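Structure file structure_38.cif (mmCIF, C-alpha atoms) is printed below.
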```cif
data_work
#
loop_
_atom_site.group_PDB
_atom_site.id
_atom_site.type_symbol
_atom_site.label_atom_id
_atom_site.label_comp_id
_atom_site.auth_asym_id
_atom_site.auth_seq_id
_atom_site.Cartn_x
_atom_site.Cartn_y
_atom_site.Cartn_z
ATOM 1 C CA MET T 1 -70.065 -82.706 43.889
ATOM 2 C CA THR T 2 -71.119 -79.075 44.119
ATOM 3 C CA LEU T 3 -70.821 -76.227 41.618
ATOM 4 C CA ALA T 4 -67.902 -74.843 43.578
ATOM 5 C CA GLU T 5 -66.113 -78.200 43.313
ATOM 6 C CA VAL T 6 -66.658 -78.297 39.529
ATOM 7 C CA GLU T 7 -64.956 -74.904 39.178
ATOM 8 C CA LEU T 8 -62.210 -75.900 41.594
ATOM 9 C CA LYS T 9 -61.137 -78.848 39.411
ATOM 10 C CA GLN T 10 -60.662 -76.460 36.515
ATOM 11 C CA GLU T 11 -58.541 -74.178 38.700
ATOM 12 C CA VAL T 12 -56.300 -77.114 39.588
ATOM 13 C CA LEU T 13 -55.736 -77.882 35.898
ATOM 14 C CA ILE T 14 -55.053 -74.228 35.081
ATOM 15 C CA ASN T 15 -52.532 -74.089 37.900
ATOM 16 C CA TYR T 16 -50.792 -77.212 36.575
ATOM 17 C CA LEU T 17 -50.648 -75.980 32.977
ATOM 18 C CA LYS T 18 -49.084 -72.703 34.104
ATOM 19 C CA GLY T 19 -46.259 -74.724 35.615
ATOM 20 C CA VAL T 20 -45.869 -76.847 32.484
ATOM 21 C CA LEU T 21 -45.820 -73.896 30.065
ATOM 22 C CA ASN T 22 -43.575 -71.769 32.288
ATOM 23 C CA ASP T 23 -44.010 -68.662 30.154
ATOM 24 C CA ASN T 24 -45.165 -65.449 31.800
ATOM 25 C CA SER T 25 -46.178 -63.840 28.527
ATOM 26 C CA PHE T 26 -49.167 -66.218 28.353
ATOM 27 C CA LYS T 27 -52.205 -65.981 30.569
ATOM 28 C CA ILE T 28 -54.033 -69.190 31.311
ATOM 29 C CA LYS T 29 -57.587 -68.749 32.464
ATOM 30 C CA ALA T 30 -61.096 -70.158 32.375
ATOM 31 C CA GLU T 31 -62.912 -69.531 29.114
ATOM 32 C CA TYR T 32 -65.568 -67.373 30.682
ATOM 33 C CA SER T 33 -62.955 -65.030 32.140
ATOM 34 C CA THR T 34 -61.466 -64.056 28.812
ATOM 35 C CA ASN T 35 -62.086 -60.784 26.977
ATOM 36 C CA ASP T 36 -60.956 -58.729 23.977
ATOM 37 C CA ASN T 37 -57.876 -57.437 25.735
ATOM 38 C CA ASP T 38 -56.261 -60.852 26.098
ATOM 39 C CA LYS T 39 -53.887 -61.292 23.212
ATOM 40 C CA LYS T 40 -51.793 -64.235 24.351
ATOM 41 C CA VAL T 41 -54.133 -66.386 26.366
ATOM 42 C CA ILE T 42 -54.903 -70.052 26.843
ATOM 43 C CA VAL T 43 -58.474 -70.726 27.866
ATOM 44 C CA VAL T 44 -59.608 -73.850 29.626
ATOM 45 C CA GLN T 45 -63.192 -75.033 29.878
ATOM 46 C CA GLU T 46 -64.597 -78.288 31.193
ATOM 47 C CA GLN T 47 -66.933 -80.111 28.823
ATOM 48 C CA ASN T 48 -69.167 -83.120 29.067
ATOM 49 C CA GLY T 49 -67.998 -86.334 27.477
ATOM 50 C CA GLN T 50 -68.247 -90.090 27.761
ATOM 51 C CA LYS T 51 -68.013 -91.172 31.371
ATOM 52 C CA GLU T 52 -67.449 -94.409 33.216
ATOM 53 C CA VAL T 53 -69.910 -94.939 36.021
ATOM 54 C CA PHE T 54 -69.036 -96.855 39.174
ATOM 55 C CA PHE T 55 -71.061 -99.277 41.161
ATOM 56 C CA GLY T 56 -70.583 -97.186 44.234
ATOM 57 C CA ASP T 57 -70.503 -93.723 45.631
ATOM 58 C CA ILE T 58 -67.786 -92.297 43.358
ATOM 59 C CA THR T 59 -68.213 -89.413 40.914
ATOM 60 C CA PRO T 60 -68.221 -90.859 37.364
ATOM 61 C CA LEU T 61 -64.797 -91.003 35.838
ATOM 62 C CA TYR T 62 -63.250 -88.603 33.348
ATOM 63 C CA ASN T 63 -63.284 -84.867 33.115
ATOM 64 C CA TYR T 64 -62.955 -83.402 29.641
ATOM 65 C CA TYR T 65 -61.317 -80.062 29.138
ATOM 66 C CA GLU T 66 -61.301 -78.029 25.979
ATOM 67 C CA ILE T 67 -58.122 -75.999 25.801
ATOM 68 C CA VAL T 68 -57.975 -73.177 23.267
ATOM 69 C CA ILE T 69 -54.681 -71.472 22.634
ATOM 70 C CA PHE T 70 -54.540 -67.905 21.337
ATOM 71 C CA GLY T 71 -51.058 -66.710 20.568
ATOM 72 C CA SER T 72 -49.198 -64.241 18.411
ATOM 73 C CA SER T 73 -48.922 -66.735 15.534
ATOM 74 C CA ILE T 74 -50.367 -70.049 14.393
ATOM 75 C CA ARG T 75 -46.894 -71.541 14.811
ATOM 76 C CA GLU T 76 -46.767 -70.553 18.473
ATOM 77 C CA GLU T 77 -50.261 -71.922 19.075
ATOM 78 C CA LYS T 78 -49.539 -75.250 17.442
ATOM 79 C CA ASN T 79 -46.235 -75.661 19.281
ATOM 80 C CA ILE T 80 -47.903 -75.072 22.620
ATOM 81 C CA SER T 81 -50.622 -77.566 21.777
ATOM 82 C CA ILE T 82 -47.914 -80.144 20.977
ATOM 83 C CA LEU T 83 -46.210 -79.368 24.270
ATOM 84 C CA PHE T 84 -49.475 -80.002 26.105
ATOM 85 C CA GLY T 85 -50.093 -83.108 24.006
ATOM 86 C CA GLU T 86 -46.962 -84.677 25.467
ATOM 87 C CA LEU T 87 -48.549 -84.625 28.901
ATOM 88 C CA ILE T 88 -50.529 -87.741 27.994
ATOM 89 C CA GLY T 89 -49.808 -90.539 30.455
ATOM 90 C CA GLU T 90 -48.868 -88.181 33.275
ATOM 91 C CA ASN T 91 -50.383 -88.708 36.697
ATOM 92 C CA ALA T 92 -49.228 -85.510 38.347
ATOM 93 C CA ILE T 93 -49.720 -84.923 42.065
ATOM 94 C CA ILE T 94 -50.366 -81.245 42.723
ATOM 95 C CA ASP T 95 -50.526 -79.282 45.956
ATOM 96 C CA TYR T 96 -53.338 -76.775 45.671
ATOM 97 C CA LYS T 97 -54.708 -74.660 48.502
ATOM 98 C CA GLY T 98 -53.546 -77.095 51.139
ATOM 99 C CA ASP T 99 -54.981 -80.209 49.488
ATOM 100 C CA LYS T 100 -53.389 -82.781 47.236
ATOM 101 C CA TRP T 101 -54.889 -83.375 43.819
ATOM 102 C CA GLN T 102 -54.112 -85.755 41.012
ATOM 103 C CA ILE T 103 -54.251 -84.956 37.302
ATOM 104 C CA LEU T 104 -54.164 -88.133 35.244
ATOM 105 C CA ILE T 105 -54.182 -87.233 31.536
ATOM 106 C CA LYS T 106 -55.539 -90.091 29.518
ATOM 107 C CA GLN T 107 -55.912 -88.912 25.941
ATOM 108 C CA LEU T 108 -56.428 -85.904 23.817
ATOM 109 C CA SER T 109 -58.560 -85.448 20.773
ATOM 110 C CA ASN T 110 -59.938 -83.059 18.269
ATOM 111 C CA PRO T 111 -57.034 -80.682 17.716
ATOM 112 C CA GLN T 112 -58.150 -78.021 15.255
ATOM 113 C CA THR T 113 -57.946 -74.361 14.351
ATOM 114 C CA ILE T 114 -61.045 -72.392 15.236
ATOM 115 C CA GLU T 115 -62.119 -68.872 14.487
ATOM 116 C CA TYR T 116 -63.906 -66.734 17.021
ATOM 117 C CA GLN T 117 -65.754 -64.119 14.955
ATOM 118 C CA ASP T 118 -67.025 -62.061 17.867
ATOM 119 C CA ILE T 119 -63.683 -61.537 19.584
ATOM 120 C CA ARG T 120 -61.729 -61.477 16.286
ATOM 121 C CA ARG T 121 -59.188 -64.185 17.069
ATOM 122 C CA VAL T 122 -58.029 -67.465 15.586
ATOM 123 C CA GLY T 123 -57.172 -70.052 18.152
ATOM 124 C CA TYR T 124 -56.048 -73.658 18.286
ATOM 125 C CA ALA T 125 -58.215 -76.073 20.226
ATOM 126 C CA MET T 126 -57.852 -79.533 21.681
ATOM 127 C CA ILE T 127 -59.736 -81.657 24.190
ATOM 128 C CA PHE T 128 -58.050 -83.481 27.047
ATOM 129 C CA GLN T 129 -59.575 -86.551 28.641
ATOM 130 C CA THR T 130 -58.404 -86.473 32.265
ATOM 131 C CA VAL T 131 -59.088 -87.650 35.771
ATOM 132 C CA ILE T 132 -58.860 -84.719 38.181
ATOM 133 C CA ASN T 133 -59.474 -85.729 41.679
ATOM 134 C CA LYS T 134 -58.672 -84.630 45.219
ATOM 135 C CA ILE T 135 -56.564 -87.317 46.829
ATOM 136 C CA SER T 136 -56.103 -85.977 50.310
ATOM 137 C CA GLU T 137 -56.953 -83.022 52.499
ATOM 138 C CA GLU T 138 -55.161 -80.999 55.107
ATOM 139 C CA GLU T 139 -56.229 -82.129 58.554
ATOM 140 C CA MET Y 140 -52.117 -84.712 55.575
ATOM 141 C CA ARG Y 141 -54.854 -87.141 56.421
ATOM 142 C CA ARG Y 142 -56.129 -89.513 53.819
ATOM 143 C CA ASN Y 143 -59.745 -88.548 53.225
ATOM 144 C CA SER Y 144 -61.868 -91.682 53.142
ATOM 145 C CA LYS Y 145 -64.025 -90.124 50.424
ATOM 146 C CA ALA Y 146 -61.057 -89.175 48.282
ATOM 147 C CA ASN Y 147 -60.022 -91.574 45.521
ATOM 148 C CA PHE Y 148 -56.473 -91.825 44.235
ATOM 149 C CA PHE Y 149 -56.574 -93.420 40.796
ATOM 150 C CA ILE Y 150 -53.389 -95.009 39.516
ATOM 151 C CA SER Y 151 -52.326 -95.376 35.912
ATOM 152 C CA ASN Y 152 -51.134 -98.776 34.686
ATOM 153 C CA ARG Y 153 -47.603 -97.594 34.353
ATOM 154 C CA GLN Y 154 -47.607 -96.713 38.038
ATOM 155 C CA LEU Y 155 -48.804 -100.211 38.925
ATOM 156 C CA ILE Y 156 -45.945 -102.153 37.376
ATOM 157 C CA LYS Y 157 -42.827 -100.339 36.378
ATOM 158 C CA ASP Y 158 -39.182 -100.697 35.499
ATOM 159 C CA LEU Y 159 -39.402 -104.160 33.969
ATOM 160 C CA SER Y 160 -35.804 -105.167 33.222
ATOM 161 C CA ILE Y 161 -33.986 -108.253 32.071
ATOM 162 C CA ASN Y 162 -30.526 -109.364 33.083
ATOM 163 C CA THR Y 163 -28.261 -108.863 30.075
ATOM 164 C CA GLY Y 164 -25.187 -109.725 32.150
ATOM 165 C CA THR Y 165 -24.537 -112.917 34.128
ATOM 166 C CA THR Y 166 -26.078 -114.310 37.310
ATOM 167 C CA ALA Y 167 -22.860 -113.498 39.131
ATOM 168 C CA THR Y 168 -22.638 -109.977 37.701
ATOM 169 C CA PRO Y 169 -26.131 -108.916 36.697
ATOM 170 C CA VAL Y 170 -26.661 -106.001 34.317
ATOM 171 C CA TRP Y 171 -30.277 -104.896 34.477
ATOM 172 C CA SER Y 172 -31.453 -103.474 31.146
ATOM 173 C CA LYS Y 173 -34.845 -101.841 31.309
ATOM 174 C CA VAL Y 174 -37.185 -102.772 28.505
ATOM 175 C CA CYS Y 175 -38.442 -99.226 28.492
ATOM 176 C CA THR Y 176 -40.333 -99.336 25.268
ATOM 177 C CA THR Y 177 -43.028 -101.695 26.545
ATOM 178 C CA SER Y 178 -46.385 -100.235 25.658
ATOM 179 C CA GLU Y 179 -48.542 -102.614 27.650
ATOM 180 C CA VAL Y 180 -47.745 -104.881 30.582
ATOM 181 C CA GLY Y 181 -50.183 -107.123 32.393
ATOM 182 C CA ILE Y 182 -49.807 -109.437 35.344
ATOM 183 C CA ASP Y 183 -52.065 -112.470 35.631
ATOM 184 C CA THR Y 184 -52.490 -115.015 38.360
ATOM 185 C CA ASP Y 185 -53.611 -118.158 36.575
ATOM 186 C CA LEU Y 186 -55.288 -120.375 39.107
ATOM 187 C CA GLU Y 187 -55.391 -124.135 38.906
ATOM 188 C CA THR Y 188 -58.542 -125.580 40.444
ATOM 189 C CA GLN Y 189 -60.004 -128.974 41.266
ATOM 190 C CA ASP Y 190 -63.763 -129.472 41.084
ATOM 191 C CA PHE Y 191 -65.554 -132.181 43.048
ATOM 192 C CA TYR Y 192 -68.851 -133.112 44.663
ATOM 193 C CA VAL Y 193 -69.674 -134.499 48.068
ATOM 194 C CA TYR Y 194 -72.144 -137.340 48.490
ATOM 195 C CA CYS Y 195 -75.802 -136.326 47.907
ATOM 196 C CA ASP Y 196 -74.915 -132.699 47.277
ATOM 197 C CA ALA Y 197 -75.216 -131.417 43.727
ATOM 198 C CA LEU Y 198 -73.472 -128.141 44.480
ATOM 199 C CA GLN Y 199 -70.042 -128.190 42.907
ATOM 200 C CA ARG Y 200 -67.091 -127.608 45.167
ATOM 201 C CA ARG Y 201 -64.012 -125.939 43.774
ATOM 202 C CA LEU Y 202 -60.629 -125.731 45.439
ATOM 203 C CA ILE Y 203 -57.677 -123.716 44.302
ATOM 204 C CA THR Y 204 -54.731 -126.044 44.152
ATOM 205 C CA GLY Y 205 -52.110 -123.868 42.563
ATOM 206 C CA ALA Y 206 -51.316 -120.661 40.783
ATOM 207 C CA SER Y 207 -48.910 -119.394 38.212
ATOM 208 C CA VAL Y 208 -47.957 -115.765 37.861
ATOM 209 C CA VAL Y 209 -47.587 -114.554 34.318
ATOM 210 C CA LEU Y 210 -46.312 -111.202 33.138
ATOM 211 C CA SER Y 211 -47.423 -110.467 29.620
ATOM 212 C CA GLY Y 212 -46.939 -107.453 27.450
ATOM 213 C CA THR Y 213 -46.252 -105.815 24.153
ATOM 214 C CA LEU Y 214 -42.880 -104.359 23.380
ATOM 215 C CA LYS Y 215 -42.230 -101.688 20.786
ATOM 216 C CA LEU Y 216 -38.807 -102.516 19.407
ATOM 217 C CA ASP Y 217 -36.160 -99.900 20.221
ATOM 218 C CA ALA Y 218 -32.871 -100.761 18.558
ATOM 219 C CA ASN Y 219 -31.017 -98.594 21.078
ATOM 220 C CA ASN Y 220 -32.376 -100.611 23.980
ATOM 221 C CA ALA Y 221 -30.073 -103.419 25.126
ATOM 222 C CA GLY Y 222 -32.943 -105.231 26.824
ATOM 223 C CA ASP Y 223 -35.071 -105.335 23.663
ATOM 224 C CA LEU Y 224 -32.156 -106.618 21.587
ATOM 225 C CA ALA Y 225 -31.326 -109.241 24.201
ATOM 226 C CA LEU Y 226 -34.857 -110.628 23.920
ATOM 227 C CA LEU Y 227 -34.510 -110.742 20.146
ATOM 228 C CA GLY Y 228 -31.082 -112.360 20.612
ATOM 229 C CA LYS Y 229 -32.757 -115.400 22.174
ATOM 230 C CA VAL Y 230 -34.542 -116.032 18.883
ATOM 231 C CA HIS Y 231 -31.178 -115.806 17.104
ATOM 232 C CA THR Y 232 -29.712 -118.408 19.460
ATOM 233 C CA LEU Y 233 -32.634 -120.740 18.756
ATOM 234 C CA LEU Y 234 -32.142 -120.363 15.018
ATOM 235 C CA SER Y 235 -28.372 -120.806 14.955
ATOM 236 C CA GLU Y 236 -27.741 -123.230 17.807
ATOM 237 C CA GLY Y 237 -31.065 -124.996 18.202
ATOM 238 C CA THR Y 238 -31.026 -124.606 22.004
ATOM 239 C CA ILE Y 239 -33.968 -123.672 24.217
ATOM 240 C CA GLU Y 240 -32.266 -123.019 27.551
ATOM 241 C CA GLN Y 241 -32.084 -119.306 26.768
ATOM 242 C CA PHE Y 242 -35.868 -119.206 27.183
ATOM 243 C CA ASN Y 243 -35.791 -120.963 30.524
ATOM 244 C CA ASN Y 244 -34.664 -119.292 33.748
ATOM 245 C CA VAL Y 245 -34.471 -115.785 32.302
ATOM 246 C CA GLU Y 246 -33.756 -113.358 35.147
ATOM 247 C CA ILE Y 247 -36.038 -110.335 35.331
ATOM 248 C CA LYS Y 248 -36.721 -107.501 37.738
ATOM 249 C CA PHE Y 249 -39.803 -105.320 38.165
ATOM 250 C CA ASP Y 250 -41.505 -102.998 40.649
ATOM 251 C CA LEU Y 251 -45.037 -103.633 41.823
ATOM 252 C CA LEU Y 252 -47.158 -101.095 43.723
ATOM 253 C CA THR Y 253 -47.363 -101.898 47.415
ATOM 254 C CA ALA Y 254 -48.723 -98.987 49.415
ATOM 255 C CA VAL Y 255 -49.341 -95.263 49.533
ATOM 256 C CA GLU Y 256 -47.992 -92.997 52.275
ATOM 257 C CA ASN Y 257 -48.808 -89.291 52.274
ATOM 258 C CA SER Y 258 -49.836 -89.468 48.617
ATOM 259 C CA ALA Y 259 -46.456 -90.961 47.695
ATOM 260 C CA LEU Y 260 -46.558 -94.409 46.094
ATOM 261 C CA SER Y 261 -44.184 -97.085 47.323
ATOM 262 C CA TYR Y 262 -43.094 -100.184 45.455
ATOM 263 C CA THR Y 263 -41.618 -103.606 46.081
ATOM 264 C CA THR Y 264 -38.841 -104.587 43.701
ATOM 265 C CA TYR Y 265 -38.991 -108.242 42.713
ATOM 266 C CA THR Y 266 -36.254 -110.302 41.088
ATOM 267 C CA ALA Y 267 -37.582 -113.474 39.496
ATOM 268 C CA ASP Y 268 -36.663 -116.347 37.220
ATOM 269 C CA VAL Y 269 -39.137 -116.803 34.392
ATOM 270 C CA ASN Y 270 -39.610 -118.830 31.318
ATOM 271 C CA LEU Y 271 -40.013 -116.571 28.366
ATOM 272 C CA SER Y 272 -42.173 -116.954 25.304
ATOM 273 C CA LEU Y 273 -42.174 -114.482 22.423
ATOM 274 C CA SER Y 274 -44.818 -114.147 19.758
ATOM 275 C CA ASP Y 275 -46.167 -111.862 17.032
ATOM 276 C CA LEU Y 276 -42.711 -110.800 15.999
ATOM 277 C CA GLY Y 277 -43.289 -108.572 12.961
ATOM 278 C CA GLY Y 278 -46.481 -107.256 11.431
ATOM 279 C CA ALA Y 279 -47.682 -104.758 8.837
ATOM 280 C CA ALA Y 280 -44.811 -103.186 6.944
ATOM 281 C CA GLU Y 281 -45.462 -99.572 7.933
ATOM 282 C CA ASP Y 282 -46.140 -100.222 11.610
ATOM 283 C CA VAL Y 283 -43.655 -99.615 14.410
ATOM 284 C CA SER Y 284 -42.184 -103.068 15.015
ATOM 285 C CA GLU Y 285 -43.481 -104.735 18.119
ATOM 286 C CA PHE Y 286 -43.779 -108.184 19.617
ATOM 287 C CA SER Y 287 -45.578 -109.826 22.493
ATOM 288 C CA PHE Y 288 -43.985 -111.621 25.380
ATOM 289 C CA GLU Y 289 -45.143 -113.889 28.174
ATOM 290 C CA MET Y 290 -42.981 -114.455 31.227
ATOM 291 C CA THR Y 291 -44.179 -117.203 33.546
ATOM 292 C CA LEU Y 292 -42.584 -117.069 36.963
ATOM 293 C CA ILE Y 293 -40.692 -120.153 38.046
ATOM 294 C CA GLY Y 294 -41.291 -120.364 41.778
ATOM 295 C CA THR Y 295 -41.290 -117.316 44.013
ATOM 296 C CA ALA Y 296 -39.819 -113.913 43.295
ATOM 297 C CA THR Y 297 -37.248 -112.389 45.645
ATOM 298 C CA ALA Y 298 -38.363 -109.074 47.135
ATOM 299 C CA GLY Y 299 -35.538 -106.623 47.436
#
```

Rewritten as structure tokens:
Amino acid sequence: MTLAEVELKQEVLINYLKGVLNDNSFKIKAEYSTNDNDKKVIVVQEQNGQKEVFFGDITPLYNYYEIVIFGSSIREEKNISILFGELIGENAIIDYKGDKWQILIKQLSNPQTIEYQDIRRVGYAMIFQTVINKISEEE
Amino acid sequence: MRRNSKANFFISNRQLIKDLSINTGTTATPVWSKVCTTSEVGIDTDLETQDFYVYCDALQRRLITGASVVLSGTLKLDANNAGDLALLGKVHTLLSEGTIEQFNNVEIKFDLLTAVENSALSYTTYTADVNLSLSDLGGAAEDVSEFSFEMTLIGTATAG
């Protein structure tokens, strides 16, 4: 695992969520790429969480992503979070930059409304417990 | 696409065994009703073993002499699901007619993961005769009704 690989996993998830939401009025991006000008934006950021460690040379299991939804109304934010919540149980196979990845969504937790004082927005947050993993590479 | 030896492809349980169905028709004209509302399914190979010792050797020998394959699970009751109601129907038959043959030689079908090719999972569909046991029918009043089942395979399953 390298730093580049950590960021790549997040990109794969962002790419997948764009497909699920299918709404061009929303931007989906990494939390550190957001700014004041983004009005309808969903930010994704990997967190640390409880892992399962293997007896073997495999990266410990589970990647946790905090997803914060900023929309034009609380209703819109909550509805999108419910839409994402229904992804639990999916084991999606994604093609991304020539490689195949899996996104296995195990559970979600901690849905809540949060207020960002500095960028003057109220968002709706939730945390996904997932397995995001490259399953094969282009030869 | 080559399969990278360092890449892991984790499977969820519902990709391991899927499409468990029971025959709600007849043996001649089967109607496979999926018991889609199952929330947990497990497959166990119960091994029968014989232990013994050889002369002057205290180390126990153990031989596997047989095995039974058991499918067990929990079903959330869906009144719109013909398969779920058929399972419940067997309890009705026991109550009203006092027979047990409806629990013996129940025909079921399920898919079990076999291989992966180009990141696509492939399955073998098995048709099997099982003896069925139901338990934990009912529970706390406000809970979604569920019950547990155990299906022990009688002989081999037919791959198809």

Sorted by chain and rising residue number, which residues of chain T lie within 10 Å of chain Y, and what are their closest atom pairs and distances in Å to one decimal, counting only C-alpha atoms, as a tab-separated table?
```
residue	atom	partner	partner_atom	distance
T:Asp57	CA	Y:Lys145	CA	8.8
T:Ile58	CA	Y:Asn147	CA	8.1
T:Thr59	CA	Y:Asn147	CA	9.6
T:Leu61	CA	Y:Phe149	CA	9.9
T:Gly89	CA	Y:Ser151	CA	7.7
T:Glu90	CA	Y:Ser151	CA	8.4
T:Asn91	CA	Y:Ser151	CA	7.0
T:Ile93	CA	Y:Ser258	CA	8.0
T:Gly98	CA	Y:Met140	CA	8.9
T:Asp99	CA	Y:Met140	CA	8.1
T:Lys100	CA	Y:Ser258	CA	7.7
T:Trp101	CA	Y:Phe148	CA	8.6
T:Gln102	CA	Y:Phe148	CA	7.3
T:Ile103	CA	Y:Phe149	CA	9.4
T:Leu104	CA	Y:Ser151	CA	7.5
T:Ile105	CA	Y:Ser151	CA	9.4
T:Lys106	CA	Y:Ser151	CA	8.9
T:Val131	CA	Y:Phe149	CA	8.1
T:Ile132	CA	Y:Phe149	CA	9.4
T:Asn133	CA	Y:Asn147	CA	7.0
T:Lys134	CA	Y:Ala146	CA	6.0
T:Ile135	CA	Y:Ala146	CA	5.1
T:Ser136	CA	Y:Arg142	CA	5.0
T:Glu137	CA	Y:Met140	CA	6.0
T:Glu138	CA	Y:Met140	CA	4.8
T:Glu139	CA	Y:Arg141	CA	5.6
```

TODO: Excluding segment 272-279 of chain Y and residues on its chain fewer than 3 positions from it, collect all residues at most 6 Å away from it, counting all atoms listed in the file, and give them as a VMD selection string.
DONE: chain Y and resid 282 284 286 to 289

Open item on the list: Just want the 10 Å neighbourhood of segment 3-14 of chain T, counted on all atoms listed in the file, with same-chain residues fewer than 2 positions away dropped. Output as a ChimeraX atom specification.
Closed with: /T:1,16-20,27-30,42-46,63,65,67,94-97,100-103,130-134

Writer output for current selection, C-alpha atoms, as a short mmCIF file (atom, residue, chain, number, x, y, z; two decimals), in the coordinates of the input:
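Everything below was put into part36.cif:
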```
data_model
loop_
_atom_site.label_atom_id
_atom_site.label_comp_id
_atom_site.auth_asym_id
_atom_site.auth_seq_id
_atom_site.Cartn_x
_atom_site.Cartn_y
_atom_site.Cartn_z
CA MET T 1 -70.06 -82.71 43.89
CA TYR T 16 -50.79 -77.21 36.58
CA LEU T 17 -50.65 -75.98 32.98
CA LYS T 18 -49.08 -72.70 34.10
CA GLY T 19 -46.26 -74.72 35.62
CA VAL T 20 -45.87 -76.85 32.48
CA LYS T 27 -52.20 -65.98 30.57
CA ILE T 28 -54.03 -69.19 31.31
CA LYS T 29 -57.59 -68.75 32.46
CA ALA T 30 -61.10 -70.16 32.38
CA ILE T 42 -54.90 -70.05 26.84
CA VAL T 43 -58.47 -70.73 27.87
CA VAL T 44 -59.61 -73.85 29.63
CA GLN T 45 -63.19 -75.03 29.88
CA GLU T 46 -64.60 -78.29 31.19
CA ASN T 63 -63.28 -84.87 33.12
CA TYR T 65 -61.32 -80.06 29.14
CA ILE T 67 -58.12 -76.00 25.80
CA ILE T 94 -50.37 -81.24 42.72
CA ASP T 95 -50.53 -79.28 45.96
CA TYR T 96 -53.34 -76.78 45.67
CA LYS T 97 -54.71 -74.66 48.50
CA LYS T 100 -53.39 -82.78 47.24
CA TRP T 101 -54.89 -83.38 43.82
CA GLN T 102 -54.11 -85.76 41.01
CA ILE T 103 -54.25 -84.96 37.30
CA THR T 130 -58.40 -86.47 32.26
CA VAL T 131 -59.09 -87.65 35.77
CA ILE T 132 -58.86 -84.72 38.18
CA ASN T 133 -59.47 -85.73 41.68
CA LYS T 134 -58.67 -84.63 45.22
#
```

TODO: For each of Y:Ile247, Y:Ala206, Y:Ile182, Y:Val193, take the minimum atom-to-atom distance to Thr165 of chain Y, counting all atoms listed in the file, then give the residue where this is smallest.
DONE: Y:Ile247

- [ ] Decode the PyMOL selection byres ((chain T and resi 66) around 10) for the given file into explicit residues and return them as a VMD selection string.
- [x] chain T and resid 31 43 to 48 64 to 65 67 to 69 108 to 111 125 to 129

TODO: Would you mind telling me which residue in Y:Gln199, Y:Thr266, Y:Thr168, Y:Thr295 lies nearest to Val245 of chain Y when using only C-alpha atoms?
DONE: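 Among Y:Gln199, Y:Thr266, Y:Thr168, Y:Thr295, it is Y:Thr266 that comes nearest to Val245 of chain Y.
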
Task: Near-Gln241 of chain Y list (9 Å; all atoms listed in the file; drop same-chain fewer than 5 positions) as a ChimeraX atom specification - done: /Y:229-230,232-233,270-271

Selection file, C-alpha atoms, as a PDB file, in the frame of the given file:
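Generated output (selection-v8.pdb):
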```
ATOM      1  CA  LYS Y 229     -32.757-115.400  22.174  1.00  0.00           C
ATOM      2  CA  VAL Y 230     -34.542-116.032  18.883  1.00  0.00           C
ATOM      3  CA  THR Y 232     -29.712-118.408  19.460  1.00  0.00           C
ATOM      4  CA  LEU Y 233     -32.634-120.740  18.756  1.00  0.00           C
ATOM      5  CA  ASN Y 270     -39.610-118.830  31.318  1.00  0.00           C
ATOM      6  CA  LEU Y 271     -40.013-116.571  28.366  1.00  0.00           C
TER       7      LEU Y 271
END
```

Open item on the list: Taking all atoms listed in the file into account, name the residue in T:Gln107, T:Phe70, T:Glu76, T:Lys40 that is nearest to Ile88 of chain T.
Closed with: T:Gln107

Open item on the list: What's the separation between atom CA of Thr204 of chain Y and atom CA of Glu187 of chain Y, in Å to one decimal place?
Closed with: 5.6 Å

Atoms are missing here; could segment 163-171 of chain Y be completed with N, CA and C atoms and written as an mmCIF file, in the frame of the given file?
```
data_model
loop_
_atom_site.group_PDB
_atom_site.id
_atom_site.type_symbol
_atom_site.label_atom_id
_atom_site.label_comp_id
_atom_site.auth_asym_id
_atom_site.auth_seq_id
_atom_site.Cartn_x
_atom_site.Cartn_y
_atom_site.Cartn_z
ATOM 1 N N THR Y 163 -29.043 -108.650 31.291
ATOM 2 C CA THR Y 163 -28.261 -108.863 30.075
ATOM 3 C C THR Y 163 -26.803 -109.178 30.432
ATOM 4 N N GLY Y 164 -26.531 -109.340 31.715
ATOM 5 C CA GLY Y 164 -25.187 -109.725 32.150
ATOM 6 C C GLY Y 164 -25.204 -111.189 32.547
ATOM 7 N N THR Y 165 -24.529 -111.528 33.651
ATOM 8 C CA THR Y 165 -24.537 -112.917 34.128
ATOM 9 C C THR Y 165 -25.211 -112.964 35.494
ATOM 10 N N THR Y 166 -25.454 -114.175 35.992
ATOM 11 C CA THR Y 166 -26.078 -114.310 37.310
ATOM 12 C C THR Y 166 -25.142 -113.758 38.378
ATOM 13 N N ALA Y 167 -23.851 -113.975 38.175
ATOM 14 C CA ALA Y 167 -22.860 -113.498 39.131
ATOM 15 C C ALA Y 167 -22.744 -111.979 39.086
ATOM 16 N N THR Y 168 -22.738 -111.435 37.878
ATOM 17 C CA THR Y 168 -22.638 -109.977 37.701
ATOM 18 C C THR Y 168 -23.823 -109.508 36.862
ATOM 19 N N PRO Y 169 -24.962 -109.286 37.503
ATOM 20 C CA PRO Y 169 -26.131 -108.916 36.697
ATOM 21 C C PRO Y 169 -26.040 -107.499 36.133
ATOM 22 N N VAL Y 170 -26.525 -107.327 34.915
ATOM 23 C CA VAL Y 170 -26.661 -106.001 34.317
ATOM 24 C C VAL Y 170 -28.143 -105.869 33.974
ATOM 25 N N TRP Y 171 -28.842 -104.998 34.678
ATOM 26 C CA TRP Y 171 -30.277 -104.896 34.477
ATOM 27 C C TRP Y 171 -30.587 -103.892 33.380
#
```
